[in-house]
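Structure data follow from query_36.cif (mmCIF, C-alpha atoms and all ligand atoms):
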data_input
#
loop_
_atom_site.group_PDB
_atom_site.id
_atom_site.type_symbol
_atom_site.label_atom_id
_atom_site.label_comp_id
_atom_site.auth_asym_id
_atom_site.auth_seq_id
_atom_site.Cartn_x
_atom_site.Cartn_y
_atom_site.Cartn_z
ATOM 1 C CA MET A 1 0.000 0.000 0.000
ATOM 2 C CA ILE A 2 1.690 3.156 -1.253
ATOM 3 C CA PHE A 3 0.002 5.401 1.300
ATOM 4 C CA GLY A 4 1.249 3.271 4.209
ATOM 5 C CA ARG A 5 4.805 3.098 2.897
ATOM 6 C CA THR A 6 5.232 6.848 2.396
ATOM 7 C CA GLU A 7 3.576 7.562 5.728
ATOM 8 C CA ARG A 8 5.952 5.192 7.521
ATOM 9 C CA GLY A 9 8.996 6.664 5.787
ATOM 10 C CA LYS A 10 8.141 10.192 6.876
ATOM 11 C CA ALA A 11 9.695 11.696 9.970
ATOM 12 C CA PRO A 12 7.001 13.160 12.215
ATOM 13 C CA VAL A 13 6.846 16.933 11.910
ATOM 14 C CA GLU A 14 7.218 18.871 15.130
ATOM 15 C CA PRO A 15 5.250 22.040 14.416
ATOM 16 C CA VAL A 16 6.516 25.466 15.337
ATOM 17 C CA THR A 17 3.982 27.094 17.636
ATOM 18 C CA LEU A 18 3.571 30.841 17.696
ATOM 19 C CA LYS A 19 1.563 33.083 19.958
ATOM 20 C CA ILE A 20 -0.508 35.797 18.349
ATOM 21 C CA LEU A 21 -2.640 38.385 20.137
ATOM 22 C CA VAL A 22 -5.944 39.669 18.842
ATOM 23 C CA ALA A 23 -6.483 43.138 20.280
ATOM 24 C CA GLY A 24 -8.489 46.302 19.638
ATOM 25 C CA GLY A 25 -11.250 48.352 21.187
ATOM 26 C CA PHE A 26 -14.450 47.289 22.874
ATOM 27 C CA GLY A 27 -16.821 45.214 20.718
ATOM 28 C CA VAL A 28 -14.696 45.356 17.585
ATOM 29 C CA GLY A 29 -14.962 41.606 16.937
ATOM 30 C CA LYS A 30 -11.985 40.016 18.728
ATOM 31 C CA THR A 31 -13.923 37.107 20.225
ATOM 32 C CA THR A 32 -15.680 36.626 16.885
ATOM 33 C CA MET A 33 -12.323 36.503 15.078
ATOM 34 C CA VAL A 34 -10.776 33.879 17.374
ATOM 35 C CA GLY A 35 -13.955 31.786 17.190
ATOM 36 C CA ALA A 36 -14.117 31.996 13.392
ATOM 37 C CA VAL A 37 -10.773 30.265 12.828
ATOM 38 C CA SER A 38 -10.154 28.133 15.874
ATOM 39 C CA GLU A 39 -10.006 24.400 15.213
ATOM 40 C CA ILE A 40 -10.532 23.675 18.884
ATOM 41 C CA LYS A 41 -13.576 24.849 20.799
ATOM 42 C CA PRO A 42 -12.423 28.348 21.706
ATOM 43 C CA LEU A 43 -12.049 29.145 25.356
ATOM 44 C CA ARG A 44 -14.102 32.237 26.098
ATOM 45 C CA THR A 45 -14.512 34.301 29.216
ATOM 46 C CA GLU A 46 -17.680 36.173 28.381
ATOM 47 C CA GLU A 47 -19.852 37.914 30.932
ATOM 48 C CA LEU A 48 -23.181 39.613 30.382
ATOM 49 C CA LEU A 49 -23.110 43.360 29.859
ATOM 50 C CA THR A 50 -25.172 44.788 32.680
ATOM 51 C CA GLU A 51 -27.415 47.762 33.138
ATOM 52 C CA ALA A 52 -24.885 49.113 35.663
ATOM 53 C CA GLY A 53 -22.181 49.112 33.007
ATOM 54 C CA ARG A 54 -24.270 50.983 30.440
ATOM 55 C CA PRO A 55 -22.692 54.417 31.001
ATOM 56 C CA VAL A 56 -19.160 53.057 30.390
ATOM 57 C CA ASP A 57 -19.781 50.211 27.933
ATOM 58 C CA ASP A 58 -20.469 52.007 24.666
ATOM 59 C CA THR A 59 -22.233 49.498 22.402
ATOM 60 C CA SER A 60 -23.078 51.982 19.634
ATOM 61 C CA GLY A 61 -22.529 50.171 16.341
ATOM 62 C CA VAL A 62 -22.834 46.742 18.001
ATOM 63 C CA GLU A 63 -26.263 47.104 19.577
ATOM 64 C CA GLY A 64 -26.820 43.323 19.366
ATOM 65 C CA LYS A 65 -23.937 42.764 21.748
ATOM 66 C CA HIS A 66 -24.915 41.374 25.137
ATOM 67 C CA THR A 67 -21.663 39.944 26.475
ATOM 68 C CA THR A 68 -18.081 41.103 26.859
ATOM 69 C CA THR A 69 -14.718 39.384 27.346
ATOM 70 C CA VAL A 70 -13.470 39.717 30.913
ATOM 71 C CA ALA A 71 -10.165 37.822 30.724
ATOM 72 C CA MET A 72 -9.291 36.435 27.299
ATOM 73 C CA ASP A 73 -10.232 34.300 24.335
ATOM 74 C CA PHE A 74 -8.092 31.359 23.386
ATOM 75 C CA GLY A 75 -8.015 29.386 20.161
ATOM 76 C CA ARG A 76 -5.676 27.421 17.912
ATOM 77 C CA ILE A 77 -5.210 27.191 14.165
ATOM 78 C CA THR A 78 -2.855 25.018 12.132
ATOM 79 C CA LEU A 79 -1.753 27.222 9.224
ATOM 80 C CA ARG A 80 0.536 24.533 7.834
ATOM 81 C CA GLU A 81 1.507 21.065 8.974
ATOM 82 C CA ASP A 82 4.575 22.626 10.603
ATOM 83 C CA LEU A 83 3.069 25.911 11.801
ATOM 84 C CA VAL A 84 0.489 26.264 14.549
ATOM 85 C CA LEU A 85 -0.789 29.555 15.917
ATOM 86 C CA TYR A 86 -2.134 30.000 19.418
ATOM 87 C CA LEU A 87 -4.512 32.929 19.436
ATOM 88 C CA PHE A 88 -5.144 35.064 22.487
ATOM 89 C CA GLY A 89 -7.960 37.581 22.280
ATOM 90 C CA THR A 90 -7.676 40.441 24.742
ATOM 91 C CA PRO A 91 -10.544 41.978 26.710
ATOM 92 C CA GLY A 92 -11.687 45.193 25.036
ATOM 93 C CA GLN A 93 -12.594 47.349 27.959
ATOM 94 C CA ASP A 94 -10.169 49.745 29.604
ATOM 95 C CA ARG A 95 -10.791 48.354 33.056
ATOM 96 C CA PHE A 96 -9.072 45.100 32.047
ATOM 97 C CA TRP A 97 -5.822 46.701 30.910
ATOM 98 C CA PHE A 98 -3.931 45.066 33.769
ATOM 99 C CA LEU A 99 -4.277 41.704 31.960
ATOM 100 C CA TRP A 100 -2.515 42.812 28.801
ATOM 101 C CA ASP A 101 1.084 42.415 29.976
ATOM 102 C CA GLU A 102 0.355 38.858 31.011
ATOM 103 C CA LEU A 103 -1.227 38.074 27.657
ATOM 104 C CA ALA A 104 1.504 39.819 25.642
ATOM 105 C CA THR A 105 4.379 37.847 27.171
ATOM 106 C CA GLY A 106 6.038 35.767 24.467
ATOM 107 C CA ALA A 107 3.780 37.013 21.671
ATOM 108 C CA LEU A 108 5.318 36.939 18.210
ATOM 109 C CA GLY A 109 2.889 39.460 16.827
ATOM 110 C CA ALA A 110 -0.598 40.898 17.021
ATOM 111 C CA VAL A 111 -3.695 41.848 15.108
ATOM 112 C CA VAL A 112 -5.213 45.185 16.044
ATOM 113 C CA LEU A 113 -8.829 45.018 14.955
ATOM 114 C CA ALA A 114 -10.400 48.328 14.018
ATOM 115 C CA ASP A 115 -13.920 49.523 13.263
ATOM 116 C CA THR A 116 -13.871 52.629 11.054
ATOM 117 C CA ARG A 117 -16.906 54.026 12.902
ATOM 118 C CA ARG A 118 -14.890 54.079 16.126
ATOM 119 C CA LEU A 119 -11.303 54.184 14.987
ATOM 120 C CA GLU A 120 -10.127 55.997 18.107
ATOM 121 C CA ASP A 121 -10.983 52.900 20.174
ATOM 122 C CA CYS A 122 -7.927 51.102 18.839
ATOM 123 C CA PHE A 123 -5.418 53.914 19.489
ATOM 124 C CA ALA A 124 -4.500 52.389 22.842
ATOM 125 C CA ALA A 125 -3.769 48.957 21.313
ATOM 126 C CA VAL A 126 -1.638 50.484 18.534
ATOM 127 C CA ASP A 127 0.256 52.477 21.131
ATOM 128 C CA TYR A 128 0.737 49.424 23.343
ATOM 129 C CA PHE A 129 2.367 47.323 20.607
ATOM 130 C CA GLU A 130 4.461 50.201 19.238
ATOM 131 C CA ARG A 131 5.928 50.902 22.674
ATOM 132 C CA ARG A 132 6.848 47.262 23.206
ATOM 133 C CA SER A 133 8.123 46.720 19.664
ATOM 134 C CA ILE A 134 5.653 43.896 19.079
ATOM 135 C CA PRO A 135 4.965 43.721 15.330
ATOM 136 C CA PHE A 136 1.286 44.073 14.436
ATOM 137 C CA VAL A 137 -1.058 44.421 11.501
ATOM 138 C CA VAL A 138 -4.259 46.441 11.548
ATOM 139 C CA GLY A 139 -7.324 44.463 10.486
ATOM 140 C CA VAL A 140 -10.215 46.704 9.520
ATOM 141 C CA ASN A 141 -13.315 44.689 10.427
ATOM 142 C CA CYS A 142 -15.887 45.562 7.779
ATOM 143 C CA PHE A 143 -19.199 45.807 9.611
ATOM 144 C CA GLU A 144 -22.252 46.278 7.417
ATOM 145 C CA GLY A 145 -23.240 49.913 7.319
ATOM 146 C CA ALA A 146 -19.753 51.159 8.102
ATOM 147 C CA ALA A 147 -18.197 53.346 5.415
ATOM 148 C CA ARG A 148 -15.236 51.823 3.559
ATOM 149 C CA TYR A 149 -12.082 53.915 3.491
ATOM 150 C CA PRO A 150 -8.884 53.381 1.524
ATOM 151 C CA ASN A 151 -6.212 51.645 3.598
ATOM 152 C CA GLU A 152 -4.035 54.741 3.286
ATOM 153 C CA ASP A 153 -6.671 56.843 5.084
ATOM 154 C CA VAL A 154 -6.798 54.333 7.941
ATOM 155 C CA ARG A 155 -2.997 54.345 8.115
ATOM 156 C CA GLN A 156 -2.947 58.130 8.353
ATOM 157 C CA ALA A 157 -5.751 58.321 10.893
ATOM 158 C CA LEU A 158 -3.917 55.854 13.132
ATOM 159 C CA ASP A 159 -0.538 57.473 12.397
ATOM 160 C CA LEU A 160 0.978 54.084 11.551
ATOM 161 C CA ASP A 161 4.564 53.522 10.481
ATOM 162 C CA PRO A 162 4.789 52.898 6.729
ATOM 163 C CA GLY A 163 5.727 49.233 7.249
ATOM 164 C CA VAL A 164 2.615 48.325 9.258
ATOM 165 C CA PRO A 165 0.202 46.361 7.037
ATOM 166 C CA VAL A 166 -3.464 47.392 6.950
ATOM 167 C CA VAL A 167 -5.904 44.725 5.747
ATOM 168 C CA LEU A 168 -9.659 44.683 5.316
ATOM 169 C CA CYS A 169 -11.338 41.665 6.870
ATOM 170 C CA ASP A 170 -14.540 40.101 8.077
ATOM 171 C CA ALA A 171 -14.007 38.740 11.569
ATOM 172 C CA ARG A 172 -16.797 36.195 11.027
ATOM 173 C CA ASP A 173 -15.213 34.642 7.962
ATOM 174 C CA ARG A 174 -12.622 31.883 8.427
ATOM 175 C CA GLU A 175 -10.782 32.478 5.139
ATOM 176 C CA SER A 176 -10.667 36.216 5.686
ATOM 177 C CA VAL A 177 -9.285 35.780 9.212
ATOM 178 C CA LYS A 178 -6.721 33.247 7.967
ATOM 179 C CA GLU A 179 -5.438 35.837 5.504
ATOM 180 C CA VAL A 180 -5.001 38.354 8.305
ATOM 181 C CA LEU A 181 -3.118 35.794 10.407
ATOM 182 C CA ILE A 182 -0.818 34.847 7.538
ATOM 183 C CA LYS A 183 -0.089 38.560 7.126
ATOM 184 C CA VAL A 184 0.827 38.863 10.808
ATOM 185 C CA VAL A 185 3.220 35.922 10.607
ATOM 186 C CA GLN A 186 4.861 37.266 7.433
ATOM 187 C CA HIS A 187 5.144 40.738 8.912
ATOM 188 C CA ALA A 188 6.568 39.450 12.193
ATOM 189 C CA MET A 189 9.145 37.322 10.347
ATOM 190 C CA ALA A 190 10.242 40.273 8.195
ATOM 191 C CA TYR A 191 10.374 42.472 11.289
ATOM 192 C CA ALA A 192 12.544 39.939 13.141
ATOM 193 C CA ALA A 193 14.886 39.597 10.147
ATOM 194 C CA ASP A 194 15.226 43.397 9.949
ATOM 195 C CA ARG A 195 16.075 43.615 13.611
ATOM 196 C CA ARG A 196 18.677 40.841 13.329
ATOM 197 C CA GLN A 197 20.292 42.721 10.482
ATOM 198 C CA THR A 198 20.349 45.954 12.475
ATOM 199 C CA VAL A 199 22.017 44.168 15.394
ATOM 200 C CA THR A 200 24.704 42.493 13.267
ATOM 201 C CA THR A 201 25.595 45.541 11.122
HETATM 202 N N1 LIG B 1 -21.878 42.747 11.101
HETATM 203 C C1 LIG B 1 -20.809 42.318 11.708
HETATM 204 N N2 LIG B 1 -20.904 42.026 12.997
HETATM 205 C C2 LIG B 1 -19.811 41.591 13.641
HETATM 206 C C3 LIG B 1 -18.579 41.425 12.992
HETATM 207 N N3 LIG B 1 -17.653 41.025 13.906
HETATM 208 C C4 LIG B 1 -18.309 40.934 15.075
HETATM 209 N N4 LIG B 1 -19.605 41.252 14.918
HETATM 210 C C5 LIG B 1 -20.620 41.350 15.950
HETATM 211 O O1 LIG B 1 -20.200 42.391 16.797
HETATM 212 C C6 LIG B 1 -20.401 42.072 18.151
HETATM 213 C C7 LIG B 1 -19.109 42.177 18.909
HETATM 214 O O2 LIG B 1 -18.309 41.083 18.698
HETATM 215 P P1 LIG B 1 -17.268 40.466 19.760
HETATM 216 O O3 LIG B 1 -16.525 39.452 18.971
HETATM 217 O O4 LIG B 1 -17.923 40.043 21.023
HETATM 218 O O5 LIG B 1 -16.349 41.704 20.073
HETATM 219 P P2 LIG B 1 -15.113 41.794 21.068
HETATM 220 O O6 LIG B 1 -14.117 42.680 20.400
HETATM 221 O O7 LIG B 1 -14.644 40.451 21.483
HETATM 222 O O8 LIG B 1 -15.784 42.536 22.311
HETATM 223 P P3 LIG B 1 -15.186 42.765 23.796
HETATM 224 O O9 LIG B 1 -14.542 41.503 24.226
HETATM 225 O O10 LIG B 1 -16.400 43.093 24.615
HETATM 226 O O11 LIG B 1 -14.271 43.924 23.693
HETATM 227 C C8 LIG B 1 -21.039 40.686 18.153
HETATM 228 O O12 LIG B 1 -22.430 40.875 18.312
HETATM 229 C C9 LIG B 1 -20.700 40.103 16.796
HETATM 230 O O13 LIG B 1 -21.683 39.222 16.315
HETATM 231 C C10 LIG B 1 -18.521 41.715 11.603
HETATM 232 O O14 LIG B 1 -17.485 41.578 10.950
HETATM 233 N N5 LIG B 1 -19.660 42.153 11.008
HETATM 234 MG MG MG B 2 -14.375 39.714 23.293
#
Can you present the structure in this file as structure tokens?
Ligand SMILES: Nc1nc2c(ncn2[C@@H]2O[C@H](COP(=O)(O)OP(=O)(O)OP(=O)(O)O)[C@@H](O)[C@H]2O)c(=O)[nH]1
Ligand SMILES: [Mg+2]
Amino acid sequence: MIFGRTERGKAPVEPVTLKILVAGGFGVGKTTMVGAVSEIKPLRTEELLTEAGRPVDDTSGVEGKHTTTVAMDFGRITLREDLVLYLFGTPGQDRFWFLWDELATGALGAVVLADTRRLEDCFAAVDYFERRSIPFVVGVNCFEGAARYPNEDVRQALDLDPGVPVVLCDARDRESVKEVLIKVVQHAMAYAADRRQTVTT
């Protein structure tokens, strides 16, 4: 049996595992994004949004939203036989900032999800990764009803460095999210190679 022979002859592949963060403002679609691609049942830490939180939890644009992440989302995706990503979605609300350093430890790169109706909500995430030199891409989550802007306009509004990729995506769509994740890995690899070169020259 040909299949059996080739399978037996093959050395088992030990995949490289990489940690990627999915960050961005409140209700921008982080939990949705991790859930859309994860091949394991994603771990979620959702709690109901309460009446008491109404003055601080601005759900404009995502009126159908009833829960919020209070610690993290966790998921896994095998991009290639030898490349597995562990995805960590951050909580979106400011009062959970203290968890970010824990989540960011050992991260290779990040996705900053943005909603063009509330672009300012992702300033803090952009700032966080810039300060810590963690490479990131900006994923513009295209909600229905939100105006589409050229990537260059988003780049300018967020004052991004020229090398930071901006990609349009749909956080609910597995293929779309996979593209964003591939972009993060490519960007992080290029970023690491650049830094190595700077150190050795
Ligand atoms: N139309 C549309 N709705 C989306 C999209 N992504 C997420 N949603 C909806 O938007 C709401 C917010 O999504 P979540 O994934 O919970 O957002 P989050 O960023 O994890 O929110 P927090 O953890 O509370 O910060 C949910 O009701 C989703 O169904 C999208 O691409 N298009
Ligand atoms: Mg969430």
query: Given a cut-off of 9 Å, what residues near ligand MG 2 (chain B) show up using all atoms listed in the file, put as a list of chain:residue names?
result: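 Written in the requested form, the residues are A:Phe26, A:Gly27, A:Val28, A:Gly29, A:Lys30, A:Thr31, A:Thr32, A:Arg44, A:Thr45, A:Glu46, A:Thr67, A:Thr68, A:Thr69, A:Val70, A:Ala71, A:Met72, A:Asp73, A:Gly89, A:Thr90, A:Pro91, A:Gly92.
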query: Counting all atoms listed in the file, what is within 7 Å of stretch 117-132 of chain A, bar same-chain residues fewer than 6 positions away, as a list in words?
result: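 So the residues in contact are Ala23, Gly24, Gly25, Ala146 and Leu158 of chain A.
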message: Which residues, named as in the file, does the PyMOL selection byres (((chain A and resi 84) around 9) and not hetatm) pick out? Answer as a ChimeraX atom specification.
response: /A:15-19,76-83,85-86
message: I'd like to know which of A:Gly75, A:Gly163, A:Gly139, A:Gly64 is closest to ligand LIG 1 (chain B), using all atoms listed in the file.
response: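 Distance minimum relative to ligand LIG 1 (chain B) lands on A:Gly64.
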- request: Counting only C-alpha atoms and all ligand atoms, figure out which residue out of A:Ala171, A:Ala107, A:Leu99, A:Ile134 gets nearest to ligand LIG 1 (chain B).
  value: A:Ala171
Protein and nucleic acid residues near (-8.6, 42.4, 7.4) (cut-off 6 Å, all atoms listed in the file) as a compact mmCIF listing (two decimals) with C-alpha atoms, keeping the file's coordinate frame:
# COMPACT_ATOMS: atom_id res chain seq x y z
CA GLY A 139 -7.32 44.46 10.49
CA VAL A 140 -10.22 46.70 9.52
CA VAL A 167 -5.90 44.72 5.75
CA LEU A 168 -9.66 44.68 5.32
CA CYS A 169 -11.34 41.66 6.87
CA VAL A 180 -5.00 38.35 8.30
query: With only C-alpha atoms as the basis for distance, which of A:Asp94, A:Ser133, A:Asp115, A:Val37 is at the shortest distance from A:Ala188?
result: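 Of all the options, A:Ser133 lies closest to A:Ala188.
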query: With distances taken over all atoms listed in the file, which of A:Ala193, A:Arg174, A:Thr200, A:Glu63 is nearest to A:Gly35?
result: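 With all atoms listed in the file as the atom set, the closest residue is A:Arg174.
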Among the residues A:Lys10, A:Met189, A:Arg172, A:Lys178, the one that comes closest to A:Ala36 [using all atoms listed in the file]: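 Looking at the shortest contact to A:Ala36, the residue is A:Arg172.
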4 Å per side around stretch 106-122 of chain A: axis-aligned box centre and edge lengths, as AutoDock Vina command-line options:
--center_x -5.4 --center_y 45.9 --center_z 17.8 --size_x 30.9 --size_y 28.2 --size_z 21.4
Atom-to-atom span, atom CA of A:Thr116 and atom CA of A:Glu179, Å: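 So the answer is 19.6 Å.
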query: Once you count all atoms listed in the file, which residues end up no further than 8 Å from (4.9, 36.3, 12.7) in the file's frame, shown as a ChimeraX atom specification?
result: /A:18,20,108-109,135,182-189
query: What does the distance from atom CA of A:Val164 to atom CA of A:Val138 come to in Å, to one decimal?
result: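 Between these atoms lies a distance of 7.5 Å.
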Neighbour list for A:Glu152 as an mmCIF file with C-alpha atoms, keeping the file's coordinate frame, cut-off 10 Å, only C-alpha atoms, skip fewer than 6 positions in-chain:
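And here's part21.cif as it stands now:
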data_model
loop_
_atom_site.group_PDB
_atom_site.id
_atom_site.type_symbol
_atom_site.label_atom_id
_atom_site.label_comp_id
_atom_site.auth_asym_id
_atom_site.auth_seq_id
_atom_site.Cartn_x
_atom_site.Cartn_y
_atom_site.Cartn_z
ATOM 1 C CA LEU A 158 -3.917 55.854 13.132
ATOM 2 C CA LEU A 160 0.978 54.084 11.551
ATOM 3 C CA PRO A 162 4.789 52.898 6.729
ATOM 4 C CA VAL A 166 -3.464 47.392 6.950
#
message: Considering all atoms listed in the file, can you say which of A:Thr201, A:Thr59, A:Ser38, A:Thr50 comes closest to ligand LIG 1 (chain B)?
response: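 Smallest separation from ligand LIG 1 (chain B) among the options: A:Thr59.
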Separation of atom CA of A:Trp97 from atom O6 of ligand LIG 1 (chain B) in Å: 14.0 Å
task: May I have the residues within 6 Å of A:Phe88 as JSON, numbers by chain, using all atoms listed in the file and disregarding those fewer than 5 positions away in the same chain?
output: {"A": [21, 22, 73, 74]}
Would you please take stretch 50-121 of chain A of the structure in the block above and write C-alpha atoms to a file as a compact mmCIF listing (two decimals), in the first residue's frame?
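Okay, this is what ended up in result36.txt:
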# COMPACT_ATOMS: atom_id res chain seq x y z
CA THR A 50 -25.17 44.79 32.68
CA GLU A 51 -27.42 47.76 33.14
CA ALA A 52 -24.88 49.11 35.66
CA GLY A 53 -22.18 49.11 33.01
CA ARG A 54 -24.27 50.98 30.44
CA PRO A 55 -22.69 54.42 31.00
CA VAL A 56 -19.16 53.06 30.39
CA ASP A 57 -19.78 50.21 27.93
CA ASP A 58 -20.47 52.01 24.67
CA THR A 59 -22.23 49.50 22.40
CA SER A 60 -23.08 51.98 19.63
CA GLY A 61 -22.53 50.17 16.34
CA VAL A 62 -22.83 46.74 18.00
CA GLU A 63 -26.26 47.10 19.58
CA GLY A 64 -26.82 43.32 19.37
CA LYS A 65 -23.94 42.76 21.75
CA HIS A 66 -24.92 41.37 25.14
CA THR A 67 -21.66 39.94 26.47
CA THR A 68 -18.08 41.10 26.86
CA THR A 69 -14.72 39.38 27.35
CA VAL A 70 -13.47 39.72 30.91
CA ALA A 71 -10.16 37.82 30.72
CA MET A 72 -9.29 36.44 27.30
CA ASP A 73 -10.23 34.30 24.34
CA PHE A 74 -8.09 31.36 23.39
CA GLY A 75 -8.01 29.39 20.16
CA ARG A 76 -5.68 27.42 17.91
CA ILE A 77 -5.21 27.19 14.17
CA THR A 78 -2.86 25.02 12.13
CA LEU A 79 -1.75 27.22 9.22
CA ARG A 80 0.54 24.53 7.83
CA GLU A 81 1.51 21.06 8.97
CA ASP A 82 4.57 22.63 10.60
CA LEU A 83 3.07 25.91 11.80
CA VAL A 84 0.49 26.26 14.55
CA LEU A 85 -0.79 29.56 15.92
CA TYR A 86 -2.13 30.00 19.42
CA LEU A 87 -4.51 32.93 19.44
CA PHE A 88 -5.14 35.06 22.49
CA GLY A 89 -7.96 37.58 22.28
CA THR A 90 -7.68 40.44 24.74
CA PRO A 91 -10.54 41.98 26.71
CA GLY A 92 -11.69 45.19 25.04
CA GLN A 93 -12.59 47.35 27.96
CA ASP A 94 -10.17 49.75 29.60
CA ARG A 95 -10.79 48.35 33.06
CA PHE A 96 -9.07 45.10 32.05
CA TRP A 97 -5.82 46.70 30.91
CA PHE A 98 -3.93 45.07 33.77
CA LEU A 99 -4.28 41.70 31.96
CA TRP A 100 -2.51 42.81 28.80
CA ASP A 101 1.08 42.42 29.98
CA GLU A 102 0.35 38.86 31.01
CA LEU A 103 -1.23 38.07 27.66
CA ALA A 104 1.50 39.82 25.64
CA THR A 105 4.38 37.85 27.17
CA GLY A 106 6.04 35.77 24.47
CA ALA A 107 3.78 37.01 21.67
CA LEU A 108 5.32 36.94 18.21
CA GLY A 109 2.89 39.46 16.83
CA ALA A 110 -0.60 40.90 17.02
CA VAL A 111 -3.70 41.85 15.11
CA VAL A 112 -5.21 45.19 16.04
CA LEU A 113 -8.83 45.02 14.95
CA ALA A 114 -10.40 48.33 14.02
CA ASP A 115 -13.92 49.52 13.26
CA THR A 116 -13.87 52.63 11.05
CA ARG A 117 -16.91 54.03 12.90
CA ARG A 118 -14.89 54.08 16.13
CA LEU A 119 -11.30 54.18 14.99
CA GLU A 120 -10.13 56.00 18.11
CA ASP A 121 -10.98 52.90 20.17
